[in-house]
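The file model_14.cif contains mmCIF, C-alpha atoms:
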```cif
data_model
#
loop_
_atom_site.label_atom_id
_atom_site.label_comp_id
_atom_site.auth_asym_id
_atom_site.auth_seq_id
_atom_site.Cartn_x
_atom_site.Cartn_y
_atom_site.Cartn_z
CA MET A 375 13.52 19.17 145.15
CA VAL A 376 15.18 18.56 141.80
CA ASN A 377 13.20 16.65 139.19
CA THR A 378 13.32 16.04 135.46
CA SER A 379 12.03 19.54 134.69
CA SER A 380 15.33 21.07 135.90
CA SER A 381 17.64 22.25 133.14
CA THR A 382 20.56 19.88 133.85
CA VAL A 383 18.55 16.69 134.18
CA GLY A 384 16.21 17.84 131.42
CA TRP A 385 19.18 18.23 129.11
CA PHE A 386 20.20 14.59 129.59
CA ILE A 387 16.63 13.38 129.24
CA GLU A 388 16.15 15.36 126.06
CA LYS A 389 19.41 14.01 124.57
CA ARG A 390 18.18 10.48 125.25
CA HIS A 391 14.82 11.35 123.72
CA ASN A 392 16.58 12.60 120.57
CA ILE A 393 17.85 9.07 120.09
CA THR A 394 14.93 6.98 121.26
CA GLN A 395 12.14 8.98 119.60
CA HIS A 396 12.93 7.31 116.29
CA PHE A 397 12.26 3.84 117.66
CA ASN A 398 8.53 4.42 117.99
CA LEU A 399 7.80 6.64 115.02
CA ILE A 400 5.45 4.04 113.54
CA ASP A 401 3.22 3.94 116.61
CA ALA A 402 3.33 7.69 117.04
CA ASN A 403 2.40 8.26 113.41
CA GLU A 404 -0.47 5.80 113.55
CA GLN A 405 -1.91 7.55 116.58
CA LEU A 406 -1.67 10.94 114.90
CA GLN A 407 -3.11 9.62 111.65
CA ALA A 408 -6.09 8.14 113.47
CA GLU A 409 -6.65 11.45 115.17
CA ASN A 410 -6.36 13.35 111.90
CA ALA A 411 -8.95 11.07 110.33
CA ARG A 412 -11.31 11.75 113.21
CA LEU A 413 -10.78 15.50 113.01
CA ARG A 414 -11.04 15.56 109.22
CA ALA A 415 -14.50 14.06 109.56
CA ASN A 416 -15.51 17.22 111.39
CA LEU A 417 -14.32 19.64 108.72
CA PRO A 418 -16.98 21.53 106.74
CA GLU A 419 -15.80 19.82 103.51
CA SER A 420 -16.72 16.45 104.92
CA PHE A 421 -20.38 17.32 105.14
CA TYR A 422 -22.77 16.88 102.27
CA GLN A 423 -24.49 20.13 101.58
CA LEU A 424 -28.21 19.76 102.11
CA GLN A 425 -29.11 23.34 101.29
CA ASP A 426 -27.84 25.33 98.38
CA ARG A 427 -27.34 28.68 99.96
CA LEU A 428 -24.61 29.17 102.51
CA TYR A 429 -25.05 31.64 105.29
CA SER A 430 -22.26 33.63 106.75
CA ILE A 431 -22.70 33.62 110.48
CA GLU A 432 -21.55 36.30 112.84
CA ASP A 433 -20.78 33.95 115.67
CA THR A 434 -22.15 35.33 118.88
CA LEU A 435 -23.03 31.93 120.31
CA TYR A 436 -19.61 30.32 120.31
CA ARG A 437 -16.37 31.70 121.59
CA LYS A 438 -13.09 29.89 121.69
CA GLN A 439 -12.41 28.55 125.16
CA TYR A 440 -9.58 26.06 124.71
CA GLU A 441 -6.23 26.24 122.96
CA TYR A 442 -3.96 23.26 122.38
CA ILE A 443 -0.18 23.42 122.67
CA PRO A 444 1.51 20.40 121.08
CA ALA A 445 4.40 18.83 123.00
CA LYS A 446 6.58 15.75 122.91
CA VAL A 447 6.90 13.29 125.77
CA ILE A 448 10.62 13.02 126.50
CA ASN A 449 10.40 10.88 129.63
CA SER A 450 7.70 8.70 131.09
CA SER A 451 7.06 5.90 133.55
CA SER A 452 4.16 3.56 134.17
CA ASN A 453 5.24 1.12 136.86
CA LYS A 454 5.70 3.46 139.82
CA GLN A 455 3.09 4.51 142.34
CA ASN A 456 3.19 8.07 141.03
CA ASN A 457 3.85 8.19 137.32
CA TYR A 458 4.96 11.38 135.64
CA LEU A 459 5.63 12.48 132.08
CA THR A 460 8.28 15.04 131.19
CA LEU A 461 7.36 17.26 128.24
CA ASN A 462 9.66 19.36 126.08
CA LYS A 463 7.60 22.55 126.48
CA GLY A 464 7.80 24.87 129.46
CA ALA A 465 6.97 28.29 130.88
CA ILE A 466 8.46 30.03 127.82
CA GLN A 467 5.83 28.38 125.62
CA GLY A 468 3.13 29.45 128.07
CA ILE A 469 2.68 26.26 130.07
CA GLU A 470 1.39 26.74 133.61
CA THR A 471 0.79 24.32 136.43
CA GLY A 472 -2.76 23.04 136.56
CA MET A 473 -3.24 22.75 132.80
CA GLY A 474 -4.76 19.54 131.47
CA VAL A 475 -2.86 17.28 129.07
CA ILE A 476 -4.41 14.99 126.45
CA SER A 477 -2.95 12.57 123.95
CA PRO A 478 -4.44 11.83 120.52
CA ILE A 479 -6.38 9.04 122.23
CA GLY A 480 -7.66 10.59 125.43
CA ALA A 481 -7.07 12.44 128.69
CA VAL A 482 -3.62 11.93 130.19
CA GLY A 483 -3.05 14.11 133.25
CA ILE A 484 -2.36 17.51 134.72
CA VAL A 485 0.77 19.70 134.65
CA VAL A 486 2.25 19.85 138.15
CA ASP A 487 5.64 21.47 137.65
CA VAL A 488 7.10 23.81 135.05
CA SER A 489 10.60 25.06 134.31
CA ASP A 490 11.65 27.36 131.49
CA HIS A 491 11.86 24.62 128.85
CA TYR A 492 10.31 21.53 130.41
CA SER A 493 7.19 20.59 132.29
CA ILE A 494 6.10 17.63 134.37
CA VAL A 495 2.69 16.02 134.06
CA MET A 496 1.09 13.96 136.81
CA THR A 497 -0.68 11.20 134.90
CA ALA A 498 -3.94 9.53 135.85
CA LEU A 499 -1.67 6.71 137.06
CA SER A 500 -0.85 8.41 140.33
CA ASN A 501 -1.93 8.03 143.95
CA HIS A 502 -2.72 11.74 144.10
CA SER A 503 -4.58 11.95 140.84
CA GLN A 504 -8.32 12.69 140.83
CA LEU A 505 -9.90 13.11 137.44
CA ASN A 506 -13.41 14.47 137.02
CA VAL A 507 -15.12 11.94 134.78
CA LYS A 508 -18.64 11.12 133.73
CA LEU A 509 -20.56 8.51 131.84
CA LYS A 510 -21.19 9.39 128.22
CA THR A 511 -24.67 7.87 128.17
CA ASN A 512 -26.34 9.56 131.13
CA ASN A 513 -23.87 12.13 132.48
CA GLU A 514 -23.54 10.47 135.87
CA PHE A 515 -20.30 11.92 137.24
CA TRP A 516 -17.59 10.50 139.48
CA LEU A 517 -13.92 10.89 140.39
CA LEU A 518 -11.34 8.60 138.83
CA TYR A 519 -8.57 7.25 141.07
CA TRP A 520 -5.75 4.76 140.61
CA ASP A 521 -4.93 1.97 143.07
CA GLY A 522 -1.31 1.64 141.92
CA ILE A 523 -1.44 -1.95 140.72
CA ASN A 524 -2.27 -2.28 137.05
CA SER A 525 -1.43 0.50 134.61
CA ASP A 526 -4.26 -0.54 132.28
CA TYR A 527 -7.07 0.04 134.79
CA ALA A 528 -8.13 2.97 136.96
CA GLN A 529 -10.87 2.91 139.58
CA ILE A 530 -14.04 4.79 140.36
CA LYS A 531 -15.08 4.51 144.00
CA ASN A 532 -18.37 5.29 145.72
CA VAL A 533 -20.71 4.44 142.87
CA LYS A 534 -24.28 4.25 144.09
CA ARG A 535 -25.87 0.82 143.75
CA ASP A 536 -28.78 2.20 141.76
CA ALA A 537 -26.57 3.90 139.15
CA ILE A 538 -27.52 2.86 135.64
CA PHE A 539 -24.65 1.73 133.43
CA ASN A 540 -23.41 -1.24 131.46
CA VAL A 541 -20.00 -2.85 131.29
CA GLY A 542 -18.37 -1.40 128.17
CA ASP A 543 -19.87 2.07 128.55
CA THR A 544 -17.62 4.98 127.65
CA VAL A 545 -16.21 7.22 130.36
CA ILE A 546 -15.32 10.78 129.33
CA THR A 547 -14.02 13.88 131.10
CA ARG A 548 -16.64 15.90 132.86
CA GLY A 549 -15.23 19.34 132.12
CA GLY A 550 -15.88 22.17 134.49
CA ALA A 551 -12.75 21.76 136.59
CA THR A 552 -10.90 24.16 134.23
CA GLN A 553 -8.37 21.55 133.08
CA PHE A 554 -10.20 19.59 130.39
CA PRO A 555 -12.99 20.38 127.98
CA GLU A 556 -16.05 18.21 128.34
CA GLY A 557 -16.14 14.90 126.50
CA ILE A 558 -12.47 13.91 126.18
CA PHE A 559 -12.25 10.11 126.07
CA VAL A 560 -10.90 8.47 129.23
CA GLY A 561 -11.75 4.78 129.02
CA THR A 562 -14.43 2.16 129.15
CA ILE A 563 -16.01 0.42 132.13
CA ALA A 564 -14.40 -3.01 132.39
CA GLU A 565 -16.03 -4.50 135.49
CA GLN A 566 -17.91 -3.57 138.62
CA THR A 567 -16.71 -4.73 142.00
CA ALA A 568 -19.19 -4.77 144.83
CA VAL A 569 -18.34 -5.66 148.40
CA ASP A 570 -21.14 -7.28 150.41
CA GLY A 571 -22.58 -5.01 153.06
CA GLU A 572 -21.26 -1.80 151.59
CA GLN A 573 -23.53 0.97 150.41
CA SER A 574 -21.58 1.74 147.29
CA MET A 575 -19.53 -0.17 144.74
CA SER A 576 -16.41 0.41 142.69
CA LEU A 577 -15.79 0.30 138.96
CA ASN A 578 -12.69 -0.76 137.09
CA VAL A 579 -12.15 1.48 134.08
CA GLU A 580 -9.97 0.26 131.25
CA LEU A 581 -7.94 3.34 130.31
CA GLY A 582 -7.90 4.33 126.66
CA VAL A 583 -4.38 5.76 126.83
CA ASN A 584 -1.56 3.25 126.91
CA TYR A 585 1.02 4.97 129.09
CA ASN A 586 3.78 2.74 127.72
CA ALA A 587 3.22 4.14 124.25
CA ILE A 588 2.68 7.85 124.63
CA TYR A 589 4.67 10.12 122.36
CA GLN A 590 2.74 13.22 121.37
CA VAL A 591 0.46 15.18 123.68
CA TYR A 592 -1.43 18.46 123.71
CA ILE A 593 -1.45 20.80 126.66
CA ILE A 594 -4.80 22.51 127.08
CA ARG A 595 -4.94 26.21 127.80
CA ASN A 596 -8.33 27.25 129.12
CA LEU A 597 -8.88 30.86 128.10
CA MET A 598 -11.71 31.30 130.58
CA LYS A 599 -10.00 29.66 133.50
CA GLY A 600 -9.27 32.92 135.32
CA GLU A 601 -12.85 34.05 134.99
CA GLN A 602 -14.22 30.75 136.30
CA LEU A 603 -11.85 30.57 139.25
CA GLU A 604 -12.54 34.19 140.13
CA ILE A 605 -16.28 33.74 140.33
CA GLU A 606 -15.92 30.45 142.22
CA ASP A 607 -13.57 32.13 144.69
CA ARG A 608 -16.09 34.91 145.20
CA ILE A 609 -18.76 32.37 146.16
CA LEU A 610 -16.38 30.50 148.44
CA SER A 611 -15.33 33.64 150.28
CA ALA A 612 -18.96 34.73 150.55
CA ASP A 613 -19.70 31.37 152.18
CA GLU A 614 -16.96 31.85 154.70
CA ASN A 615 -18.19 35.27 155.79
CA MET B 1119 43.53 5.96 149.36
CA LYS B 1120 45.07 7.33 146.24
CA THR B 1121 43.49 10.26 144.38
CA ASN B 1122 43.49 8.08 141.31
CA THR B 1123 40.99 5.72 142.93
CA TRP B 1124 38.65 8.57 143.81
CA ILE B 1125 38.67 9.80 140.21
CA ILE B 1126 37.63 6.31 139.14
CA TYR B 1127 34.86 6.38 141.76
CA CYS B 1128 33.64 9.77 140.46
CA ILE B 1129 33.49 8.44 136.90
CA ASN B 1130 31.70 5.33 138.14
CA PHE B 1131 29.25 7.49 140.05
CA ILE B 1132 28.28 9.55 137.00
CA LEU B 1133 28.10 6.38 134.91
CA VAL B 1134 25.83 4.60 137.38
CA VAL B 1135 23.47 7.58 137.73
CA LEU B 1136 23.22 8.00 133.96
CA ILE B 1137 22.68 4.26 133.36
CA GLN B 1138 19.99 4.22 136.05
CA GLY B 1139 18.28 7.38 134.85
CA LEU B 1140 18.48 6.93 131.10
CA VAL B 1141 18.38 3.16 130.61
CA ILE B 1142 17.21 1.15 133.63
CA ASN B 1143 14.34 3.54 134.46
CA ASN B 1144 12.90 2.77 131.04
CA ILE B 1145 12.72 -0.97 131.61
CA GLU B 1146 9.01 -1.22 132.30
CA ILE B 1147 8.07 -4.80 131.63
CA ASN B 1148 5.23 -4.92 134.12
CA THR B 1149 4.19 -3.62 137.53
CA TYR B 1150 6.19 -6.22 139.40
CA LEU B 1151 9.51 -5.44 137.79
CA ASN B 1152 11.13 -2.18 138.78
CA PRO B 1153 14.88 -2.88 138.66
CA MET B 1154 17.51 -0.61 140.19
CA ILE B 1155 21.22 -0.73 139.53
CA TYR B 1156 22.56 2.26 141.48
CA PRO B 1157 22.98 0.40 144.83
CA VAL B 1158 26.06 -1.15 143.19
CA MET B 1159 27.78 2.20 143.71
CA ILE B 1160 27.39 1.92 147.50
CA MET B 1161 28.27 -1.78 147.46
CA MET B 1162 31.55 -1.18 145.64
CA LEU B 1163 32.95 1.37 148.10
CA PRO B 1164 36.14 0.22 149.88
CA PHE B 1165 35.75 -2.10 152.88
CA GLU B 1166 37.20 0.18 155.55
CA LEU B 1167 35.37 3.36 154.47
CA ASN B 1168 33.93 5.50 157.29
CA ILE B 1169 30.15 5.17 157.75
CA LEU B 1170 29.65 8.95 157.57
CA VAL B 1171 31.43 9.18 154.22
CA THR B 1172 29.43 6.18 152.98
CA MET B 1173 26.17 7.84 153.94
CA LEU B 1174 27.26 11.14 152.42
CA ILE B 1175 27.93 9.36 149.12
CA ALA B 1176 24.58 7.56 149.48
CA LEU B 1177 22.84 10.91 149.99
CA VAL B 1178 24.33 12.47 146.85
CA LEU B 1179 23.65 9.29 144.89
CA GLY B 1180 20.03 9.10 146.08
CA VAL B 1181 19.31 12.76 145.30
CA SER B 1182 20.81 12.37 141.79
CA VAL B 1183 18.74 9.28 141.05
CA ASP B 1184 15.62 10.95 142.48
CA ALA B 1185 16.18 13.88 140.16
CA MET B 1186 16.34 11.55 137.16
CA SER B 1187 13.21 9.58 138.05
CA ASN B 1188 10.79 12.12 139.64
CA THR B 1189 10.53 10.27 142.94
CA PHE B 1190 11.17 13.14 145.39
CA GLY B 1191 13.36 11.50 148.06
CA LEU B 1192 12.32 7.84 147.77
CA HIS B 1193 15.64 6.70 146.32
CA THR B 1194 17.54 8.93 148.76
CA SER B 1195 15.96 7.28 151.79
CA ALA B 1196 16.55 3.78 150.42
CA ALA B 1197 20.18 4.59 149.50
CA LEU B 1198 20.80 6.01 152.99
CA ILE B 1199 19.36 2.86 154.57
CA ILE B 1200 21.83 0.57 152.80
CA GLY B 1201 24.65 3.08 153.30
CA TYR B 1202 23.95 2.89 157.03
CA LEU B 1203 23.58 -0.90 157.14
CA ARG B 1204 26.53 -1.74 154.90
CA PRO B 1205 29.20 -1.94 157.68
CA THR B 1206 26.89 -4.21 159.71
CA VAL B 1207 26.30 -6.49 156.73
CA LEU B 1208 30.03 -6.55 155.97
CA LYS B 1209 30.75 -7.56 159.57
CA LEU B 1210 28.04 -10.21 159.40
CA ILE B 1211 29.50 -12.01 156.40
CA GLU B 1212 33.17 -11.34 157.20
CA PRO B 1213 35.47 -14.20 156.12
CA ARG B 1214 37.45 -15.97 158.89
CA ASP B 1215 40.68 -14.09 158.18
CA SER B 1216 38.94 -10.67 157.89
CA TYR B 1217 38.95 -8.44 154.81
CA ASP B 1218 41.98 -7.71 152.69
CA THR B 1219 41.74 -3.91 152.38
CA THR B 1220 43.64 -3.87 149.09
CA LEU B 1221 40.68 -5.64 147.51
CA LEU B 1222 37.25 -4.30 146.59
CA PRO B 1223 33.92 -5.94 147.46
CA SER B 1224 33.45 -7.00 143.85
CA ILE B 1225 32.52 -10.32 142.33
CA HIS B 1226 36.04 -10.78 140.95
CA ASP B 1227 37.92 -10.04 144.18
CA MET B 1228 35.70 -11.76 146.71
CA GLY B 1229 34.25 -14.67 144.81
CA LYS B 1230 30.78 -15.41 143.46
CA LEU B 1231 29.28 -16.87 146.63
CA TRP B 1232 30.43 -14.09 148.91
CA PHE B 1233 29.30 -11.37 146.50
CA LEU B 1234 25.95 -13.02 145.93
CA SER B 1235 25.14 -13.10 149.65
CA TYR B 1236 26.49 -9.57 150.15
CA ALA B 1237 24.56 -8.10 147.22
CA SER B 1238 21.34 -9.99 147.85
CA ILE B 1239 21.17 -8.86 151.51
CA LEU B 1240 21.71 -5.20 150.60
CA ILE B 1241 19.42 -5.32 147.56
CA ALA B 1242 16.66 -7.01 149.57
CA MET B 1243 16.89 -4.36 152.30
CA HIS B 1244 16.95 -1.58 149.74
CA HIS B 1245 13.95 -2.90 147.80
CA ILE B 1246 11.84 -3.75 150.85
CA TRP B 1247 12.33 -0.23 152.16
CA PHE B 1248 11.80 1.37 148.75
CA PHE B 1249 8.57 -0.41 147.85
CA THR B 1250 7.12 -0.22 151.36
CA ILE B 1251 7.60 3.54 151.42
CA GLU B 1252 6.47 3.94 147.81
CA ILE B 1253 3.24 1.98 148.19
CA LEU B 1254 2.61 2.39 151.94
CA LYS B 1255 -0.67 0.51 152.14
CA PHE B 1256 -1.08 -2.36 154.56
CA ASP B 1257 -3.74 -4.09 152.48
CA GLN B 1258 -1.20 -4.33 149.65
CA PHE B 1259 1.22 -6.41 151.73
CA PHE B 1260 1.51 -9.27 149.24
CA PHE B 1261 1.82 -6.89 146.32
CA ILE B 1262 4.76 -5.20 148.07
CA LEU B 1263 6.28 -8.59 148.87
CA LEU B 1264 6.00 -9.92 145.32
CA LYS B 1265 7.24 -6.67 143.82
CA THR B 1266 10.23 -6.75 146.18
CA ILE B 1267 11.09 -10.36 145.34
CA PHE B 1268 10.80 -10.07 141.56
CA SER B 1269 12.51 -6.69 141.35
CA SER B 1270 15.32 -7.85 143.68
CA ILE B 1271 16.10 -10.82 141.45
CA PHE B 1272 16.09 -8.60 138.37
CA SER B 1273 18.28 -5.95 140.04
CA LEU B 1274 20.69 -8.61 141.26
CA LEU B 1275 21.11 -9.97 137.74
CA LEU B 1276 21.71 -6.46 136.38
CA ILE B 1277 24.25 -5.69 139.11
CA ILE B 1278 26.19 -8.90 138.42
CA LEU B 1279 26.14 -8.08 134.73
CA PHE B 1280 27.34 -4.57 135.52
CA GLN B 1281 30.23 -6.01 137.53
CA TYR B 1282 31.37 -8.19 134.66
CA ILE B 1283 31.14 -5.32 132.19
CA PHE B 1284 32.70 -2.43 134.12
CA TYR B 1285 35.00 -3.89 136.76
CA LYS B 1286 38.29 -5.71 136.50
CA PRO B 1287 39.91 -7.79 139.25
CA THR B 1288 42.17 -5.66 141.44
CA LYS B 1289 45.80 -6.39 140.55
CA LYS B 1290 47.93 -7.51 143.44
#
```
I need this file expressed as structure tokens, please.
Amino acid sequence: MVNTSSSTVGWFIEKRHNITQHFNLIDANEQLQAENARLRANLPESFYQLQDRLYSIEDTLYRKQYEYIPAKVINSSSNKQNNYLTLNKGAIQGIETGMGVISPIGAVGIVVDVSDHYSIVMTALSNHSQLNVKLKTNNEFWLLYWDGINSDYAQIKNVKRDAIFNVGDTVITRGGATQFPEGIFVGTIAEQTAVDGEQSMSLNVELGVNYNAIYQVYIIRNLMKGEQLEIEDRILSADEN
Amino acid sequence: MKTNTWIIYCINFILVVLIQGLVINNIEINTYLNPMIYPVMIMMLPFELNILVTMLIALVLGVSVDAMSNTFGLHTSAALIIGYLRPTVLKLIEPRDSYDTTLLPSIHDMGKLWFLSYASILIAMHHIWFFTIEILKFDQFFFILLKTIFSSIFSLLLIILFQYIFYKPTKK
């Protein structure tokens, strides 16, 4: 089926984006500036040196696992039942299906279709979307769904009644499903909805990302994805035998 | 029909698909408003046009709009539904002295009242089908209903506006 990642339609969409991108430069810049400020705080220069001598460290503990490919959102929707973004990077820039996508604010979605120059992202605002999330405070993990009604809120179902959390707690990505690193911001718990007589309850999560104002994103390449999937496959096939 | 008319229809077709894909799809005021303008293309086909040709045009139109809005067949099915029902609706609201085939079913040729009933029936059918298939949850019945009503009104306004901008009365 043809979609906005095809070259003909993508051409039109990109031409429109060339015009409309200038309308929201202020918002886009503010988002990037806020992110830069946050990242700058992590630079070595931002830390006050407590000890005089610096040590050069041969790093055997840390190895780079994630790479970030910047891309522009050239088409988006937020009022459908399945909302997709079209990005201006594709297979030529090394995008593959299954990669996670984040914005300067938080997790956005997963790449589901790629052409040579464009790719399509299924956002968290989709009936088929399942995001691995967890609570920042105590690492309780759940799946994040969307009920298709309000683009500001996503839902977590099947929360045990004895789970410890407060309204306003931060929800972050869980990591481990190869798409996102751990700890990418997703949203905050807005309310809990319990139905009488049911074992579990649901949570409404206020999403951090405003899908009406999403301009710049990063596609995450997990350098150890193949290794993880391979070993998981080995276990799965061992189970089957 | 003259070849000239078909060329105008082809230009209209491309125009409608581009307006829908590049402009109307970006009107995202809230969840209840999801306007669509492309049904106007099916509405404006000549009165006596064969149902098979109508549905063929609806199919191409639906696939083009689907391609622009990442909906994988939703618009196609809705367009085919109104393509199929259009002759029935036309028969239903036929004036006493039947249709003048030199005219088009536009707001200029057929009058405001006739066009309003014609367009609102087709738009309502189109939107009910579209949102029912898109959402497809029985516990969301009222959400589907409200979305259909609000979006239909919005689409109707856009279609009337479109008529005033792009169509002229047929000269007799």
List every residue of region 1135-1249 of chain B that has an atom at most 12 Å from any atom of region 516-536 of chain A, and for each one report the closest atom pair and its distance in Å to one decimal, counting only C-alpha atoms, with rows sorted by chain and then by increasing residue number, as a tab-separated table.
```
residue	atom	partner	partner_atom	distance
B:Glu1146	CA	A:Ser525	CA	10.8
B:Ile1147	CA	A:Ser525	CA	11.3
B:Asn1148	CA	A:Asn524	CA	8.5
B:Thr1149	CA	A:Asn524	CA	6.6
B:Tyr1150	CA	A:Ile523	CA	8.8
B:Leu1151	CA	A:Ile523	CA	11.9
B:Phe1249	CA	A:Gly522	CA	11.7
```
statement: Shortest contact to Gln407 (chain A), candidates A:Asn584, A:Thr497, A:Pro478, A:Lys510, atoms counted only C-alpha atoms, goes to A:Pro478
task: Specify as a VMD selection string each residue included when the PyMOL selection byres ((chain A) within 7 of (chain B)) is applied to this file.
output: chain A and resid 375 to 378 383 387 390 453 455 523 to 524
- prompt: Which polymer residues, protein or nucleic acid, are no farther than 10 Å from (17.1, 6.5, 147.8), counting all atoms listed in the file, as a ChimeraX atom specification?
  reply: /B:1156-1157,1176-1184,1189-1201,1244-1245,1247-1248
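Evaluated against the shown file, the PyMOL selection byres ((chain A and resi 554) around 9) gives Tyr440, Met473, Gly474, Val475, Ile476, Ala481, Asn506, Thr547, Arg548, Gly549, Gly550, Ala551, Thr552, Gln553, Pro555, Glu556, Gly557, Ile558, Ile594, Arg595 and Asn596 of chain A.
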Since we have the selection now, will you write its residues out, keeping C-alpha atoms, as a PDB file, in the frame of the given file?
```pdb
ATOM      1  CA  TYR A 440      -9.580  26.060 124.710  1.00  0.00           C
ATOM      2  CA  MET A 473      -3.240  22.750 132.800  1.00  0.00           C
ATOM      3  CA  GLY A 474      -4.760  19.540 131.470  1.00  0.00           C
ATOM      4  CA  VAL A 475      -2.860  17.280 129.070  1.00  0.00           C
ATOM      5  CA  ILE A 476      -4.410  14.990 126.450  1.00  0.00           C
ATOM      6  CA  ALA A 481      -7.070  12.440 128.690  1.00  0.00           C
ATOM      7  CA  ASN A 506     -13.410  14.470 137.020  1.00  0.00           C
ATOM      8  CA  THR A 547     -14.020  13.880 131.100  1.00  0.00           C
ATOM      9  CA  ARG A 548     -16.640  15.900 132.860  1.00  0.00           C
ATOM     10  CA  GLY A 549     -15.230  19.340 132.120  1.00  0.00           C
ATOM     11  CA  GLY A 550     -15.880  22.170 134.490  1.00  0.00           C
ATOM     12  CA  ALA A 551     -12.750  21.760 136.590  1.00  0.00           C
ATOM     13  CA  THR A 552     -10.900  24.160 134.230  1.00  0.00           C
ATOM     14  CA  GLN A 553      -8.370  21.550 133.080  1.00  0.00           C
ATOM     15  CA  PRO A 555     -12.990  20.380 127.980  1.00  0.00           C
ATOM     16  CA  GLU A 556     -16.050  18.210 128.340  1.00  0.00           C
ATOM     17  CA  GLY A 557     -16.140  14.900 126.500  1.00  0.00           C
ATOM     18  CA  ILE A 558     -12.470  13.910 126.180  1.00  0.00           C
ATOM     19  CA  ILE A 594      -4.800  22.510 127.080  1.00  0.00           C
ATOM     20  CA  ARG A 595      -4.940  26.210 127.800  1.00  0.00           C
ATOM     21  CA  ASN A 596      -8.330  27.250 129.120  1.00  0.00           C
TER      22      ASN A 596
END
```
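In this structure, CA of Thr1266 (chain B) sits 12.4 Å away from CA of Leu1240 (chain B).
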query: Could you write out as a ChimeraX atom specification the residues that the PyMOL selection byres ((chain B and resi 1125-1130) around 10) matches in the shown file?
result: /B:1120-1124,1131-1136,1158-1159,1162-1163,1284-1285
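You will find CA of Leu399 (chain A) at 19.1 Å from CA of Gly480 (chain A).
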- request: Using CA of Glu1212 (chain B) and CA of Tyr1236 (chain B) as the two end points, give the distance in Å to one decimal.
  value: 9.9 Å
Determine the axis-aligned bounding box of all atoms of region 468-481 of chain A present in the file, pad each side by 6 Å, and express its centre and edge lengths in Å to one decimal place as JSON.
```
{"center_x": -2.3, "center_y": 19.2, "center_z": 128.5, "size_x": 22.8, "size_y": 32.4, "size_z": 28.0}
```
Protein and nucleic acid residues near (6.5, 28.1, 123.5) (cut-off 10 Å, all atoms listed in the file) as an mmCIF file with C-alpha atoms, in the frame of the given file:
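Saved file part_5.cif follows:
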```
data_model
loop_
_atom_site.group_PDB
_atom_site.id
_atom_site.type_symbol
_atom_site.label_atom_id
_atom_site.label_comp_id
_atom_site.auth_asym_id
_atom_site.auth_seq_id
_atom_site.Cartn_x
_atom_site.Cartn_y
_atom_site.Cartn_z
ATOM 1 C CA ILE A 443 -0.180 23.420 122.670
ATOM 2 C CA PRO A 444 1.510 20.400 121.080
ATOM 3 C CA ALA A 445 4.400 18.830 123.000
ATOM 4 C CA ASN A 462 9.660 19.360 126.080
ATOM 5 C CA LYS A 463 7.600 22.550 126.480
ATOM 6 C CA GLY A 464 7.800 24.870 129.460
ATOM 7 C CA ALA A 465 6.970 28.290 130.880
ATOM 8 C CA ILE A 466 8.460 30.030 127.820
ATOM 9 C CA GLN A 467 5.830 28.380 125.620
ATOM 10 C CA GLY A 468 3.130 29.450 128.070
ATOM 11 C CA ILE A 469 2.680 26.260 130.070
ATOM 12 C CA ASP A 490 11.650 27.360 131.490
ATOM 13 C CA HIS A 491 11.860 24.620 128.850
#
```
task: Write out as number ranges by chain which residues come within 6 Å of Thr460 (chain A) when counting only C-alpha atoms, dropping same-chain ones fewer than 5 positions away.
output: A: 447-449, 493-494
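Distances to Leu1279 (chain B) were evaluated for B:Ile1169, B:Met1243, B:Ile1225, B:Thr1219 using all atoms listed in the file, and the minimum falls at B:Ile1225.
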- request: Could you give me, as number ranges by chain, the residues within 10 Å of Phe1165 (chain B), counting all atoms listed in the file and dropping anything in the same chain fewer than 4 positions from it?
  value: B: 1161, 1204-1205, 1208-1209, 1217-1223
Could you model N, CA and C atoms for region 448-455 of chain A and present them as a compact mmCIF listing (two decimals), in the coordinates of the input?
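out-v1.txt written:
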```txt
# COMPACT_ATOMS: atom_id res chain seq x y z
N ILE A 448 9.21 13.42 126.56
CA ILE A 448 10.62 13.02 126.50
C ILE A 448 10.98 12.05 127.61
N ASN A 449 10.10 11.86 128.58
CA ASN A 449 10.40 10.88 129.63
C ASN A 449 9.07 10.44 130.22
N SER A 450 8.95 9.16 130.52
CA SER A 450 7.70 8.70 131.09
C SER A 450 7.94 7.47 131.93
N SER A 451 6.99 7.15 132.79
CA SER A 451 7.06 5.90 133.55
C SER A 451 5.65 5.39 133.71
N SER A 452 5.51 4.09 133.96
CA SER A 452 4.16 3.56 134.17
C SER A 452 4.14 2.48 135.23
N ASN A 453 5.27 2.18 135.86
CA ASN A 453 5.24 1.12 136.86
C ASN A 453 5.54 1.60 138.27
N LYS A 454 5.51 2.92 138.48
CA LYS A 454 5.70 3.46 139.82
C LYS A 454 4.34 3.70 140.47
N GLN A 455 4.35 4.18 141.69
CA GLN A 455 3.09 4.51 142.34
C GLN A 455 2.60 5.89 141.90
```
